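Printed here is work.cif (mmCIF, C-alpha atoms and all ligand atoms):
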data_coords
loop_
_atom_site.label_atom_id
_atom_site.label_comp_id
_atom_site.auth_asym_id
_atom_site.auth_seq_id
_atom_site.Cartn_x
_atom_site.Cartn_y
_atom_site.Cartn_z
CA MET A 113 3.98 6.17 -18.86
CA TYR A 114 4.40 2.81 -17.09
CA GLU A 115 2.30 -0.27 -17.79
CA THR A 116 3.14 -2.31 -14.68
CA LEU A 117 4.32 0.31 -12.18
CA LEU A 118 2.82 3.27 -10.38
CA VAL A 119 5.49 5.91 -9.87
CA GLU A 120 4.81 9.11 -7.98
CA THR A 121 7.00 11.62 -6.21
CA GLU A 122 5.80 13.57 -3.19
CA GLN A 123 7.95 15.58 -0.82
CA HIS A 124 11.03 14.41 -2.74
CA ILE A 125 10.24 10.72 -2.06
CA CYS A 126 9.61 8.64 -5.18
CA THR A 127 7.24 5.74 -4.47
CA ILE A 128 7.55 2.92 -6.99
CA THR A 129 4.64 0.46 -6.70
CA ILE A 130 4.77 -2.83 -8.62
CA ASN A 131 1.23 -2.95 -9.96
CA ARG A 132 0.11 -6.43 -11.04
CA PRO A 133 -2.00 -7.33 -7.98
CA ASP A 134 -3.95 -10.06 -9.82
CA LYS A 135 -0.61 -11.89 -10.32
CA LEU A 136 0.65 -10.97 -6.85
CA ASN A 137 2.94 -8.42 -8.52
CA ALA A 138 5.11 -11.15 -10.07
CA ILE A 139 8.09 -9.72 -11.96
CA ASN A 140 7.66 -10.36 -15.66
CA LYS A 141 9.87 -8.93 -18.41
CA THR A 142 7.89 -5.67 -18.55
CA VAL A 143 8.09 -5.16 -14.77
CA MET A 144 11.86 -5.71 -14.87
CA ASP A 145 12.32 -3.29 -17.80
CA GLU A 146 10.13 -0.66 -16.19
CA LEU A 147 11.82 -1.07 -12.81
CA GLY A 148 15.13 -0.31 -14.54
CA LYS A 149 13.62 2.85 -16.06
CA ALA A 150 12.08 3.97 -12.74
CA ILE A 151 15.42 3.54 -10.96
CA ASP A 152 17.09 5.61 -13.70
CA GLU A 153 14.52 8.30 -12.91
CA VAL A 154 15.49 8.12 -9.20
CA TYR A 155 19.15 8.58 -10.18
CA ASN A 156 18.56 11.39 -12.66
CA ASN A 157 15.67 13.51 -11.34
CA PRO A 158 17.11 16.17 -9.00
CA ASP A 159 13.69 16.58 -7.34
CA ILE A 160 13.94 12.99 -6.02
CA LYS A 161 15.96 12.57 -2.82
CA SER A 162 14.98 9.00 -1.92
CA ALA A 163 12.72 6.16 -3.03
CA ILE A 164 10.39 3.46 -1.75
CA ILE A 165 9.68 0.21 -3.56
CA THR A 166 6.40 -1.48 -2.61
CA GLY A 167 3.66 -3.70 -4.05
CA ALA A 168 0.06 -2.94 -5.03
CA GLY A 169 -2.77 -4.43 -2.97
CA ILE A 170 -2.77 -5.94 0.50
CA LYS A 171 -1.60 -9.44 -0.36
CA ALA A 172 1.80 -9.21 -1.97
CA PHE A 173 4.93 -7.13 -2.22
CA VAL A 174 6.17 -9.35 -5.08
CA ALA A 175 5.51 -13.12 -5.19
CA GLY A 176 8.58 -13.77 -7.32
CA ALA A 177 9.64 -13.80 -10.92
CA ASP A 178 6.74 -14.57 -13.25
CA ILE A 179 6.89 -18.37 -13.45
CA SER A 180 4.79 -18.40 -16.64
CA GLU A 181 7.78 -16.92 -18.51
CA PHE A 182 10.12 -19.72 -17.40
CA GLN A 183 8.82 -22.72 -19.32
CA GLY A 184 10.98 -24.09 -22.12
CA LEU A 185 13.90 -21.72 -21.61
CA SER A 186 17.46 -22.82 -22.44
CA LYS A 187 20.45 -22.56 -20.12
CA GLU A 188 21.60 -19.46 -22.02
CA GLN A 189 18.18 -17.82 -21.78
CA GLY A 190 18.08 -18.58 -18.03
CA MET A 191 21.50 -16.98 -17.59
CA ALA A 192 20.41 -13.92 -19.58
CA ILE A 193 17.37 -13.46 -17.30
CA ALA A 194 19.57 -13.67 -14.20
CA LYS A 195 22.16 -11.26 -15.65
CA LYS A 196 19.52 -8.66 -16.47
CA GLY A 197 18.01 -8.99 -12.98
CA HIS A 198 21.47 -8.65 -11.45
CA ASP A 199 22.17 -5.47 -13.43
CA ILE A 200 18.93 -3.81 -12.35
CA PHE A 201 19.11 -4.96 -8.72
CA PHE A 202 22.73 -3.73 -8.55
CA LYS A 203 21.46 -0.39 -9.81
CA ILE A 204 19.07 -0.33 -6.82
CA GLU A 205 21.76 -1.45 -4.36
CA ARG A 206 24.29 1.05 -5.71
CA SER A 207 21.89 4.00 -5.94
CA PRO A 208 23.51 7.10 -4.42
CA LYS A 209 20.05 8.03 -3.09
CA PRO A 210 18.47 5.89 -0.34
CA ILE A 211 16.03 3.23 -1.63
CA VAL A 212 13.92 1.39 0.94
CA ALA A 213 11.63 -1.61 0.47
CA ALA A 214 8.19 -1.31 2.11
CA VAL A 215 7.14 -4.95 2.16
CA ASN A 216 3.35 -5.20 2.35
CA GLY A 217 2.79 -8.95 1.90
CA PHE A 218 4.45 -11.93 0.17
CA ALA A 219 8.10 -11.20 -0.68
CA LEU A 220 9.02 -14.48 -2.32
CA GLY A 221 11.80 -15.49 -4.68
CA GLY A 222 12.63 -12.48 -6.87
CA GLY A 223 10.42 -10.40 -4.56
CA CYS A 224 12.54 -11.26 -1.54
CA GLU A 225 15.64 -10.57 -3.66
CA LEU A 226 14.20 -7.21 -4.75
CA ALA A 227 13.69 -6.25 -1.10
CA LEU A 228 17.20 -7.47 -0.23
CA SER A 229 18.69 -5.27 -2.97
CA CYS A 230 17.19 -2.16 -1.32
CA HIS A 231 19.26 -0.35 1.32
CA PHE A 232 17.00 -1.64 4.08
CA ILE A 233 13.55 -3.11 4.60
CA ILE A 234 10.47 -2.00 6.54
CA ALA A 235 7.65 -4.55 6.63
CA ALA A 236 3.97 -4.82 7.50
CA ASP A 237 3.25 -7.44 10.16
CA THR A 238 1.45 -9.42 7.43
CA ALA A 239 4.62 -9.75 5.30
CA ARG A 240 6.09 -13.18 4.49
CA PHE A 241 9.61 -13.71 3.23
CA GLY A 242 11.02 -16.74 1.46
CA GLN A 243 13.13 -18.13 -1.37
CA PRO A 244 10.89 -20.95 -2.69
CA GLU A 245 12.79 -21.44 -5.99
CA VAL A 246 13.99 -24.85 -4.81
CA ASN A 247 10.36 -26.05 -5.01
CA LEU A 248 10.56 -25.37 -8.77
CA GLY A 249 13.91 -27.10 -9.19
CA LEU A 250 15.58 -23.70 -9.31
CA ILE A 251 17.78 -21.44 -7.23
CA PRO A 252 17.49 -17.68 -6.71
CA GLY A 253 18.73 -15.79 -9.77
CA TYR A 254 18.56 -12.16 -8.70
CA GLY A 255 21.33 -12.18 -6.09
CA GLY A 256 19.53 -13.99 -3.27
CA THR A 257 22.25 -16.54 -2.57
CA GLN A 258 24.67 -13.67 -1.98
CA ARG A 259 22.64 -10.90 -0.32
CA LEU A 260 20.75 -13.21 2.06
CA VAL A 261 24.02 -14.54 3.51
CA GLN A 262 25.19 -10.97 4.20
CA LEU A 263 22.06 -10.21 6.24
CA VAL A 264 21.30 -13.48 8.04
CA GLY A 265 24.56 -15.46 8.03
CA LYS A 266 25.39 -18.78 6.40
CA GLY A 267 23.33 -21.20 8.49
CA ARG A 268 20.04 -19.34 8.30
CA ALA A 269 20.58 -18.56 4.60
CA MET A 270 21.25 -22.22 3.86
CA GLN A 271 18.06 -23.29 5.65
CA LEU A 272 15.86 -20.64 4.00
CA LEU A 273 17.27 -21.45 0.55
CA MET A 274 17.22 -25.24 0.90
CA SER A 275 13.81 -25.55 2.59
CA GLY A 276 11.99 -22.94 0.50
CA ASP A 277 10.02 -22.18 3.68
CA MET A 278 8.46 -18.77 4.34
CA ILE A 279 9.14 -16.79 7.49
CA SER A 280 6.95 -14.13 9.14
CA ALA A 281 7.78 -10.43 9.39
CA SER A 282 8.73 -10.80 13.06
CA GLU A 283 11.00 -13.77 12.31
CA ALA A 284 12.53 -11.78 9.45
CA GLN A 285 13.12 -8.94 11.90
CA SER A 286 14.80 -11.28 14.37
CA TYR A 287 17.00 -12.56 11.50
CA GLY A 288 18.05 -8.98 10.63
CA ILE A 289 16.25 -8.95 7.26
CA VAL A 290 13.71 -6.35 8.40
CA ASN A 291 14.53 -3.18 10.37
CA LYS A 292 11.02 -2.35 11.56
CA VAL A 293 7.60 -4.02 11.53
CA THR A 294 4.43 -1.89 11.35
CA PRO A 295 0.68 -2.45 11.14
CA PRO A 296 -0.18 -2.75 7.41
CA ARG A 297 -2.06 0.56 7.24
CA GLU A 298 0.92 2.45 8.68
CA LEU A 299 3.60 0.88 6.47
CA LEU A 300 3.98 3.64 3.88
CA ASP A 301 3.63 6.54 6.34
CA ARG A 302 6.22 5.05 8.73
CA THR A 303 8.61 4.38 5.81
CA LYS A 304 8.16 7.94 4.55
CA GLU A 305 8.87 9.34 8.05
CA ILE A 306 12.11 7.37 8.16
CA LEU A 307 13.09 8.68 4.73
CA GLN A 308 12.14 12.30 5.54
CA ASN A 309 14.64 12.19 8.38
CA ILE A 310 17.35 10.54 6.26
CA GLN A 311 16.90 12.81 3.26
CA SER A 312 17.40 15.91 5.44
CA LYS A 313 21.07 14.85 5.75
CA ALA A 314 23.88 15.79 3.37
CA PRO A 315 23.34 13.97 0.04
CA ILE A 316 27.04 13.42 -0.70
CA ALA A 317 27.58 11.96 2.78
CA LEU A 318 24.58 9.65 2.24
CA ALA A 319 25.95 8.49 -1.12
CA SER A 320 29.34 7.85 0.48
CA ILE A 321 27.78 5.83 3.31
CA ILE A 322 25.92 3.67 0.75
CA ASN A 323 29.12 3.20 -1.26
CA CYS A 324 31.26 2.25 1.77
CA VAL A 325 28.68 -0.11 3.30
CA ASN A 326 28.10 -1.81 -0.08
CA ASN A 327 31.85 -2.30 -0.38
CA PHE A 328 32.25 -3.80 3.07
CA ASP A 329 34.97 -6.41 3.12
CA HIS A 330 37.18 -7.99 5.70
CA THR A 331 40.44 -6.86 4.12
CA GLN A 332 42.03 -3.43 4.09
CA LYS A 333 40.07 -2.44 0.92
CA GLY A 334 36.87 -1.44 2.75
CA TYR A 335 38.82 0.66 5.27
CA ASP A 336 40.82 2.31 2.48
CA LEU A 337 37.58 3.29 0.72
CA GLU A 338 36.32 4.81 3.98
CA ILE A 339 39.52 6.91 4.26
CA GLN A 340 38.99 8.11 0.69
CA LYS A 341 35.29 8.95 1.14
CA PHE A 342 35.86 10.57 4.55
CA GLY A 343 38.48 12.83 2.97
CA GLU A 344 36.23 13.66 0.01
CA CYS A 345 33.54 14.94 2.40
CA PHE A 346 35.92 17.69 3.54
CA ALA A 347 35.92 19.06 0.00
CA THR A 348 32.12 19.54 0.06
CA GLU A 349 30.23 22.75 0.89
CA ASP A 350 27.80 20.60 2.87
CA MET A 351 30.52 19.54 5.32
CA GLN A 352 31.45 23.19 5.93
CA GLU A 353 27.75 24.00 6.37
CA GLY A 354 27.23 21.06 8.78
CA ALA A 355 30.17 22.08 10.98
CA SER A 356 29.20 25.79 10.91
CA ALA A 357 25.58 25.02 11.74
CA PHE A 358 26.66 22.92 14.73
CA LEU A 359 28.91 25.66 16.07
CA GLU A 360 26.23 28.33 15.43
CA LYS A 361 23.61 26.12 17.13
CA ARG A 362 21.27 26.09 14.11
CA LYS A 363 19.94 23.45 11.72
CA PRO A 364 22.15 22.82 8.68
CA VAL A 365 20.81 23.46 5.19
CA PHE A 366 22.48 21.00 2.83
CA GLN A 367 22.71 21.65 -0.92
CA GLY A 368 24.26 18.39 -2.13
CA LYS A 369 27.45 20.25 -3.09
N1 LIG B 401 4.54 -16.08 -11.16
C1 LIG B 401 3.43 -16.04 -11.92
N2 LIG B 401 2.19 -15.96 -11.39
C2 LIG B 401 2.08 -15.93 -10.04
C3 LIG B 401 3.21 -15.97 -9.20
C4 LIG B 401 4.49 -16.04 -9.81
N3 LIG B 401 5.61 -16.06 -9.10
N4 LIG B 401 2.78 -15.94 -7.92
C5 LIG B 401 1.44 -15.86 -7.96
N5 LIG B 401 1.00 -15.86 -9.24
C6 LIG B 401 -0.38 -15.79 -9.73
C7 LIG B 401 -1.10 -17.11 -9.60
O1 LIG B 401 -0.78 -17.96 -10.69
C8 LIG B 401 -2.54 -16.65 -9.61
O2 LIG B 401 -2.90 -16.34 -10.93
P1 LIG B 401 -4.37 -16.81 -11.52
O3 LIG B 401 -5.36 -16.12 -10.62
O4 LIG B 401 -4.38 -16.30 -12.91
O5 LIG B 401 -4.40 -18.29 -11.39
C9 LIG B 401 -2.49 -15.34 -8.84
O6 LIG B 401 -1.14 -14.90 -8.92
C10 LIG B 401 -2.85 -15.46 -7.37
O7 LIG B 401 -2.02 -16.45 -6.79
P2 LIG B 401 -2.57 -17.73 -6.00
O8 LIG B 401 -1.51 -18.80 -6.07
O9 LIG B 401 -3.92 -18.09 -6.48
O10 LIG B 401 -2.66 -17.14 -4.53
P3 LIG B 401 -2.59 -17.96 -3.15
O11 LIG B 401 -3.00 -17.01 -2.09
O12 LIG B 401 -3.32 -19.25 -3.27
O13 LIG B 401 -1.04 -18.32 -2.98
C11 LIG B 401 1.33 -17.88 -3.00
C12 LIG B 401 -0.09 -17.30 -2.77
C13 LIG B 401 2.29 -16.70 -2.93
C14 LIG B 401 1.67 -18.87 -1.88
C15 LIG B 401 1.41 -18.58 -4.37
O14 LIG B 401 0.89 -17.69 -5.37
C16 LIG B 401 2.80 -18.96 -4.80
O15 LIG B 401 3.34 -19.93 -4.28
N6 LIG B 401 3.39 -18.22 -5.77
C17 LIG B 401 4.68 -18.55 -6.33
C18 LIG B 401 5.81 -18.21 -5.40
C19 LIG B 401 7.14 -18.61 -6.00
O16 LIG B 401 7.43 -19.76 -6.19
N7 LIG B 401 7.98 -17.60 -6.29
C20 LIG B 401 9.28 -17.81 -6.84
C21 LIG B 401 9.25 -17.77 -8.31
S1 LIG B 401 10.84 -18.09 -9.03
#
Output the structure of this file as structure tokens.
Amino acid sequence: MYETLLVETEQHICTITINRPDKLNAINKTVMDELGKAIDEVYNNPDIKSAIITGAGIKAFVAGADISEFQGLSKEQGMAIAKKGHDIFFKIERSPKPIVAAVNGFALGGGCELALSCHFIIAADTARFGQPEVNLGLIPGYGGTQRLVQLVGKGRAMQLLMSGDMISASEAQSYGIVNKVTPPRELLDRTKEILQNIQSKAPIALASIINCVNNFDHTQKGYDLEIQKFGECFATEDMQEGASAFLEKRKPVFQGK
């Protein structure tokens, strides 16, 4: 069904693997199109409660956009590539179901941006993060200038973007890019354990958390959204079930209603 992705769902977790290991999983047009379709599947398939995005092989998560597709493009074509990437990466960021990046190697350029568009990142200790576009006379085009600042702050973002240097998984963890670093062989199992715990929670509450956190802002707007979403939870069966289960000293069974 997919040419450049492996997509399989097990225990309600959909694992999307970018599968071009001979090109370090670089994102070409087909990968981007198929990623959009796979994320639609995450949204629409009721059997899927959460998703992992990872890369095939031991070397790379994704080593960037496919540079071989960049030669001879016009300004308008460049903008169209960025716009399409933005639309699909927003779809990941705004997914009502948790989507986590399991970074198993190089996460460079568009690969780093793909990881940053996920709700959070778990990484193998062999992972390397960087935005090397500047070495090509380019800048990030899939949201990197914006999402990196949110995670690491202005100074560190400026240095990463302007130097094009790579940082290790442990440095990325100290920067706040990565939540947890694992041995490479444990990466997927550890990520799945984290998601098993998260996906046992109430789906509407999870979707509301994602929505509120994504809409963080320093003005009243973010707080107003929280008031709205908090109130909406009271109208769900899951909230009644969660409160009853607590009072009856049993585990809640959430239905996503
Ligand atoms: N686009 C297209 N092809 C890529 C690629 C990319 N972003 N990244 C790697 N590849 C290809 C290489 O061209 C090579 O293909 P080939 O075997 O047909 O020649 C293959 O993947 C393996 O990469 P290679 O460079 O030989 O591996 P390496 O271990 O020597 O170096 C990197 C690894 C990640 C340091 C290096 O591949 C690299 O710098 N890639 C580009 C990173 C980048 O600039 N990303 C941002 C793009 S906007």
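Straight-line separation from atom C5 of ligand LIG 401 (chain B) to atom CA of Asp178 of chain A: 7.6 Å.
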Listed atoms of ligand LIG 401 (chain B) boxed along x, y and z, 4 Å each side, centre and edge lengths in Å, one decimal, as AutoDock Vina command-line options:
--center_x 2.7 --center_y -17.4 --center_z -7.4 --size_x 24.2 --size_y 13.0 --size_z 19.0
Which residues are near segment 294-307 of chain A? Cut-off 12 Å, all atoms listed in the file, ignore same chain within fewer than 3 positions. Put them as a PyMOL selection string. chain A and resi 121-129+160-173+209-217+231-239+281-282+285+290-291+310-313+318
What does the distance from atom CA of Ala175 of chain A to atom CA of Cys230 of chain A come to in Å, to one decimal? 16.5 Å
What are the nearest atom pairs, with distances in Å to one decimal, for all residues of segment 138-226 of chain A that come at most 12 Å from segment 270-274 of chain A, using all atoms listed in the file, set out by chain and rising residue number as JSON lines?
{"residue": "A:Leu220", "atom": "CA", "partner": "A:Leu272", "partner_atom": "CA", "distance": 11.2}
{"residue": "A:Gly221", "atom": "CA", "partner": "A:Leu273", "partner_atom": "CA", "distance": 9.6}
{"residue": "A:Cys224", "atom": "CA", "partner": "A:Leu272", "partner_atom": "CA", "distance": 11.4}
{"residue": "A:Glu225", "atom": "CA", "partner": "A:Leu273", "partner_atom": "CA", "distance": 11.8}
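Using only C-alpha atoms and all ligand atoms as the basis for the distance check, residues found within 6 Å of ligand LIG 401 (chain B) are Asp134, Lys135, Leu136, Ala138, Ala175, Gly176, Ala177, Asp178, Ile179, Ser180, Leu220, Gly221, Pro244 and Glu245 of chain A.
Minimum atom-to-atom distances from A:Phe358, A:Phe201, A:Tyr254, A:Phe342 to Gly222 of chain A were compared using only C-alpha atoms, and the lowest value belongs to A:Tyr254.
Here atom CA of Gln332 of chain A and atom CA of Arg259 of chain A stand 21.2 Å from one another.
For the residues A:Tyr155, A:Tyr114, A:Tyr335, A:Phe202, ranking by smallest atom-to-atom distance to Gly255 of chain A using only C-alpha atoms places A:Phe202 first.
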Residue with smallest distance to Val264 of chain A - pool A:Leu147, A:Ile139, A:Leu228, A:Ile251, counting all atoms listed in the file: A:Leu228
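If only C-alpha atoms are the atoms counted, then among A:Thr348, A:Thr331, A:Lys266, A:Ile151 the closest residue to Phe366 of chain A is A:Thr348.
Nearest-residue note for Glu344 of chain A: choosing from A:Ala317, A:Val246, A:Val325, A:Leu359, the minimum distance belongs to A:Ala317, counting only C-alpha atoms.
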Show which residues sit within 9 Å of Met144 of chain A, as a ChimeraX atom specification. Count only C-alpha atoms, and ignore same-chain residues fewer than 6 positions away. /A:196-197,200
I need the chosen residues saved as a PDB file, in the frame of the given file, with C-alpha atoms.
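Saved to out07.pdb:
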ATOM      1  CA  LYS A 196      19.520  -8.660 -16.470  1.00  0.00           C
ATOM      2  CA  GLY A 197      18.010  -8.990 -12.980  1.00  0.00           C
ATOM      3  CA  ILE A 200      18.930  -3.810 -12.350  1.00  0.00           C
TER       4      ILE A 200
END
Please identify all polymer residues lying at most 10 Å from the point (9.5, -17.4, 6.1) (file coordinates), using all atoms listed in the file, and present the result as number ranges by chain. A: 218-220, 239-244, 272, 275-284
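With all atoms listed in the file taken into account, the protein and nucleic acid residues at most 8 Å from Met351 of chain A (excluding it and anything under 5 positions from it in its own chain) are Ala314, Cys345 and Phe346 of chain A.
Residue nearest Gly223 of chain A within the list A:Val143, A:Met113, A:Ile339, A:Val293: A:Val143 [criterion: smallest interatomic distance, all atoms listed in the file].
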